[in-house]
Amino acid sequence: MAIKLIAVDLDGTLLNSNNQISPETEKALRQASSQGILVVLATGRPLSGAMTFNRQLGLAGQKQYNIVFNGAVIQDLAGNVLMNQEMNYHDFSNLRRLQRLAKVNLHFETPECFWTCDRDLGANLAINAAVNNELVKVRKPEEITQDFTFNKVGFSVIKEEQEVDKLWQNIPEWAFAKYDIVRSFSSVIEVNLKDASKGNALIQLADRLKLDQQQVMVFGDQGNDISMFANPNFQKIAMGNAIEEIKQEADYVTADNDSEGIAKALKKFVL
């Protein structure tokens, strides 16, 4: 069945080690798009953090889409929200309880900005906000109102990466039962609602566009991509730099993100 939608993770997949789209990868994705194949960026970032790369690929408007916040939100590239899964003040309290298990930063992501109750911010959180062109609002816990909602949470390293390891090893079962919790990088743990994942969002988007799931191809490399690779109907391409769990679920392992992995797979299977 011909591919009609290509979902591409950003960091470690579309972007090389210099945080850039390589010329061959850009050319291949533009060629796919010119043939009527939807190219959908599927990322843990907010839309603001993906727009530079959408523009580079020539993607814009109400008939192009991004899956953002690890699948909690689907937006068209005019900024309209098609699907939005939010956590609430009760979740805010739960996640602050988890933070006490280790010395890590905790921030809450919304389409408008990042929020944190931490006074001391590590470079990881500061860089994350800067890369995504997001303001960080630092507030005391008592300043967070009962109607507070957010789409995604990040626990990140302050100084010592072993503190992120400590948190990961001590997250209780009730948290895994209630939330979708992934280790997206060694220095970051990301949290969404249980049903908010890239894989589920991609199913919803395909249904909305009346596409068969077998017409969807996905590219990924890290823990927050696993939900896409768990779907037996998608055509699943793991990057050469992907974690082993992604490679084991993949239909094909391509070259890494510094070696034109996306372009090589598209030439082999699509173009």
# chains A, B, ... in the order shown; residues from 1 in each chain; ligands from 1
>>> residues_around(residues="A:Arg55", least_positions_apart="5", cutoff="10 Å", atoms="only C-alpha atoms", output="ChimeraX atom specification")
/A:50,60,77
>>> residues_around(residues="A:Arg30", least_positions_apart="4", cutoff="12 Å", atoms="only C-alpha atoms", output="PyMOL selection string")
chain A and resi 6+21+23-26+34-40+53-59+263+266+271
>>> closest_residue(among="A:Gln204, A:Ser186, A:Asn224, A:Asn105", to="A:Leu82", atoms="only C-alpha atoms")
A:Gln204
>>> atom_distance(atom1="atom CA of A:Ser259", atom2="atom CA of A:Glu190")
27.4 Å
>>> residues_around(residues="A:Arg100", least_positions_apart="4", cutoff="9 Å", atoms="only C-alpha atoms", output="CSV table (one decimal) with all heavy atoms, in the first residue's frame")
chain,number,residue,atom,x,y,z
A,96,ARG,N,4.8,17.2,41.3
A,96,ARG,CA,5.7,17.8,42.3
A,96,ARG,C,6.1,16.8,43.4
A,96,ARG,O,7.2,16.9,43.9
A,96,ARG,CB,5.0,19.1,42.9
A,96,ARG,CG,4.9,20.2,41.9
A,96,ARG,CD,4.6,21.5,42.6
A,96,ARG,NE,5.7,22.0,43.4
A,96,ARG,CZ,5.7,22.2,44.7
A,96,ARG,NH1,4.6,22.0,45.4
A,96,ARG,NH2,6.8,22.7,45.3
A,104,VAL,N,16.2,17.3,40.7
A,104,VAL,CA,16.0,17.6,39.3
A,104,VAL,C,15.1,18.8,39.1
A,104,VAL,O,14.4,19.1,40.0
A,104,VAL,CB,15.4,16.4,38.5
A,104,VAL,CG1,16.4,15.2,38.5
A,104,VAL,CG2,14.1,16.0,39.2
A,167,LEU,N,15.8,9.3,39.9
A,167,LEU,CA,14.4,9.5,39.7
A,167,LEU,C,13.8,8.4,38.9
A,167,LEU,O,12.7,7.8,39.3
A,167,LEU,CB,14.1,10.9,39.1
A,167,LEU,CG,12.6,11.2,38.7
A,167,LEU,CD1,11.8,11.2,40.0
A,167,LEU,CD2,12.5,12.5,38.0
>>> closest_residue(among="A:Glu245, A:Asp251, A:Asp256, A:Glu143", to="A:Asn233", atoms="only C-alpha atoms")
A:Asp251
>>> residues_around(residues="A:Phe269", least_positions_apart="3", cutoff="12 Å", atoms="only C-alpha atoms", output="PyMOL selection string")
chain A and resi 1-3+6+28+32+217+235-237+251-252+254+262-266
>>> write_last_selection(atoms="N, CA and C atoms", output="PDB file, in the first residue's frame")
ATOM      1  N   MET A   1       0.852  -1.199   0.000  1.00  0.00           N
ATOM      2  CA  MET A   1       0.000   0.000   0.000  1.00  0.00           C
ATOM      3  C   MET A   1       0.886   1.247   0.000  1.00  0.00           C
ATOM      4  N   ALA A   2       0.568   2.186  -0.875  1.00  0.00           N
ATOM      5  CA  ALA A   2       1.416   3.374  -1.041  1.00  0.00           C
ATOM      6  C   ALA A   2       1.398   4.243   0.207  1.00  0.00           C
ATOM      7  N   ILE A   3       2.545   4.791   0.557  1.00  0.00           N
ATOM      8  CA  ILE A   3       2.663   5.677   1.711  1.00  0.00           C
ATOM      9  C   ILE A   3       2.033   7.033   1.387  1.00  0.00           C
ATOM     10  N   ILE A   6       4.120  10.631   6.136  1.00  0.00           N
ATOM     11  CA  ILE A   6       5.413  10.326   6.749  1.00  0.00           C
ATOM     12  C   ILE A   6       5.534  11.138   8.036  1.00  0.00           C
ATOM     13  N   ALA A  28      14.865  15.068  -0.013  1.00  0.00           N
ATOM     14  CA  ALA A  28      14.008  13.878  -0.076  1.00  0.00           C
ATOM     15  C   ALA A  28      12.619  14.162   0.479  1.00  0.00           C
ATOM     16  N   ALA A  32       9.024  14.117  -1.470  1.00  0.00           N
ATOM     17  CA  ALA A  32       7.852  13.371  -1.003  1.00  0.00           C
ATOM     18  C   ALA A  32       6.634  14.286  -0.908  1.00  0.00           C
ATOM     19  N   MET A 217       4.133   5.992   7.386  1.00  0.00           N
ATOM     20  CA  MET A 217       5.529   5.614   7.671  1.00  0.00           C
ATOM     21  C   MET A 217       6.040   6.495   8.798  1.00  0.00           C
ATOM     22  N   GLN A 235       4.474   1.565   8.839  1.00  0.00           N
ATOM     23  CA  GLN A 235       5.783   1.145   8.345  1.00  0.00           C
ATOM     24  C   GLN A 235       6.818   1.887   9.171  1.00  0.00           C
ATOM     25  N   LYS A 236       7.652   1.165   9.906  1.00  0.00           N
ATOM     26  CA  LYS A 236       8.463   1.744  10.970  1.00  0.00           C
ATOM     27  C   LYS A 236       9.943   1.702  10.598  1.00  0.00           C
ATOM     28  N   ILE A 237      10.552   2.909  10.536  1.00  0.00           N
ATOM     29  CA  ILE A 237      11.964   3.028  10.172  1.00  0.00           C
ATOM     30  C   ILE A 237      12.730   3.572  11.375  1.00  0.00           C
ATOM     31  N   ASP A 251      10.622  -2.077  11.181  1.00  0.00           N
ATOM     32  CA  ASP A 251      10.609  -2.906   9.979  1.00  0.00           C
ATOM     33  C   ASP A 251      11.938  -2.780   9.235  1.00  0.00           C
ATOM     34  N   TYR A 252      12.633  -1.686   9.483  1.00  0.00           N
ATOM     35  CA  TYR A 252      13.902  -1.443   8.789  1.00  0.00           C
ATOM     36  C   TYR A 252      14.721  -0.475   9.621  1.00  0.00           C
ATOM     37  N   THR A 254      17.681   2.193   9.237  1.00  0.00           N
ATOM     38  CA  THR A 254      18.397   2.969   8.249  1.00  0.00           C
ATOM     39  C   THR A 254      19.701   3.512   8.839  1.00  0.00           C
ATOM     40  N   ILE A 262      17.209   9.316   6.883  1.00  0.00           N
ATOM     41  CA  ILE A 262      15.852   9.508   6.345  1.00  0.00           C
ATOM     42  C   ILE A 262      15.873   9.468   4.826  1.00  0.00           C
ATOM     43  N   ALA A 263      16.783  10.211   4.214  1.00  0.00           N
ATOM     44  CA  ALA A 263      16.857  10.256   2.747  1.00  0.00           C
ATOM     45  C   ALA A 263      17.086   8.863   2.166  1.00  0.00           C
ATOM     46  N   LYS A 264      17.966   8.084   2.769  1.00  0.00           N
ATOM     47  CA  LYS A 264      18.256   6.742   2.258  1.00  0.00           C
ATOM     48  C   LYS A 264      17.028   5.841   2.339  1.00  0.00           C
ATOM     49  N   ALA A 265      16.278   5.910   3.430  1.00  0.00           N
ATOM     50  CA  ALA A 265      15.087   5.075   3.571  1.00  0.00           C
ATOM     51  C   ALA A 265      13.986   5.511   2.607  1.00  0.00           C
ATOM     52  N   LEU A 266      13.819   6.816   2.431  1.00  0.00           N
ATOM     53  CA  LEU A 266      12.795   7.292   1.505  1.00  0.00           C
ATOM     54  C   LEU A 266      13.116   6.884   0.076  1.00  0.00           C
TER      55      LEU A 266
END
>>> atom_distance(atom1="atom CA of A:Val8", atom2="atom CA of A:Asn66")
9.6 Å
>>> residues_around(residues="A:Glu249", least_positions_apart="4", cutoff="10 Å", atoms="only C-alpha atoms", output="compact mmCIF listing (two decimals) with N, CA and C atoms, in the first residue's frame")
# COMPACT_ATOMS: atom_id res chain seq x y z
N ILE A 226 8.55 5.38 20.95
CA ILE A 226 8.19 3.96 21.06
C ILE A 226 6.72 3.71 20.73
N MET A 228 4.88 5.04 18.51
CA MET A 228 4.70 4.92 17.06
C MET A 228 5.18 3.55 16.57
N PHE A 229 6.23 3.05 17.18
CA PHE A 229 6.81 1.78 16.75
C PHE A 229 6.05 0.57 17.31
N ALA A 230 5.16 0.81 18.26
CA ALA A 230 4.35 -0.28 18.82
C ALA A 230 3.17 -0.62 17.92
N ASN A 231 2.87 0.24 16.94
CA ASN A 231 1.73 0.01 16.06
C ASN A 231 2.15 -0.94 14.93
N PRO A 232 1.52 -2.12 14.82
CA PRO A 232 1.94 -3.09 13.80
C PRO A 232 1.58 -2.66 12.38
N LYS A 236 7.65 1.16 9.91
CA LYS A 236 8.46 1.74 10.97
C LYS A 236 9.94 1.70 10.60
N ILE A 237 10.55 2.91 10.54
CA ILE A 237 11.96 3.03 10.17
C ILE A 237 12.73 3.57 11.37
N ALA A 238 13.63 2.78 11.90
CA ALA A 238 14.48 3.21 13.02
C ALA A 238 15.75 3.85 12.48
N GLU A 244 17.86 0.54 21.36
CA GLU A 244 17.65 -0.84 20.93
C GLU A 244 16.15 -1.20 20.88
N GLU A 245 15.38 -0.67 21.79
CA GLU A 245 13.94 -0.99 21.82
C GLU A 245 13.25 -0.52 20.55
N VAL A 253 16.03 -0.72 9.69
CA VAL A 253 16.96 0.19 10.37
C VAL A 253 17.79 0.87 9.30
>>> atom_distance(atom1="atom CA of A:Lys247", atom2="atom CA of A:Asp221")
8.2 Å
>>> select_by_dssp(residues="stretch 60-159 of chain A", states="alpha helix (DSSP H)", output="PyMOL selection string")
chain A and resi 89-99+123-131
>>> write_last_selection(atoms="C-alpha atoms", output="short mmCIF file (atom, residue, chain, number, x, y, z; two decimals), in the first residue's frame")
data_model
loop_
_atom_site.label_atom_id
_atom_site.label_comp_id
_atom_site.auth_asym_id
_atom_site.auth_seq_id
_atom_site.Cartn_x
_atom_site.Cartn_y
_atom_site.Cartn_z
CA TYR A 89 -3.89 20.97 39.05
CA HIS A 90 -4.21 17.48 40.56
CA ASP A 91 -1.55 16.28 38.11
CA PHE A 92 0.56 19.32 39.00
CA SER A 93 0.51 18.18 42.64
CA ASN A 94 1.29 14.56 41.73
CA LEU A 95 4.29 15.52 39.65
CA ARG A 96 5.70 17.81 42.31
CA ARG A 97 5.56 14.79 44.65
CA LEU A 98 7.68 12.83 42.15
CA GLN A 99 10.21 15.65 41.99
CA ALA A 123 21.32 24.63 31.74
CA ASN A 124 19.18 21.83 30.30
CA LEU A 125 15.91 23.61 31.09
CA ALA A 126 17.25 26.97 29.96
CA ILE A 127 18.47 25.54 26.66
CA ASN A 128 15.19 23.68 26.12
CA ALA A 129 13.23 26.91 26.50
CA ALA A 130 15.60 28.84 24.24
CA VAL A 131 15.60 26.21 21.49
#
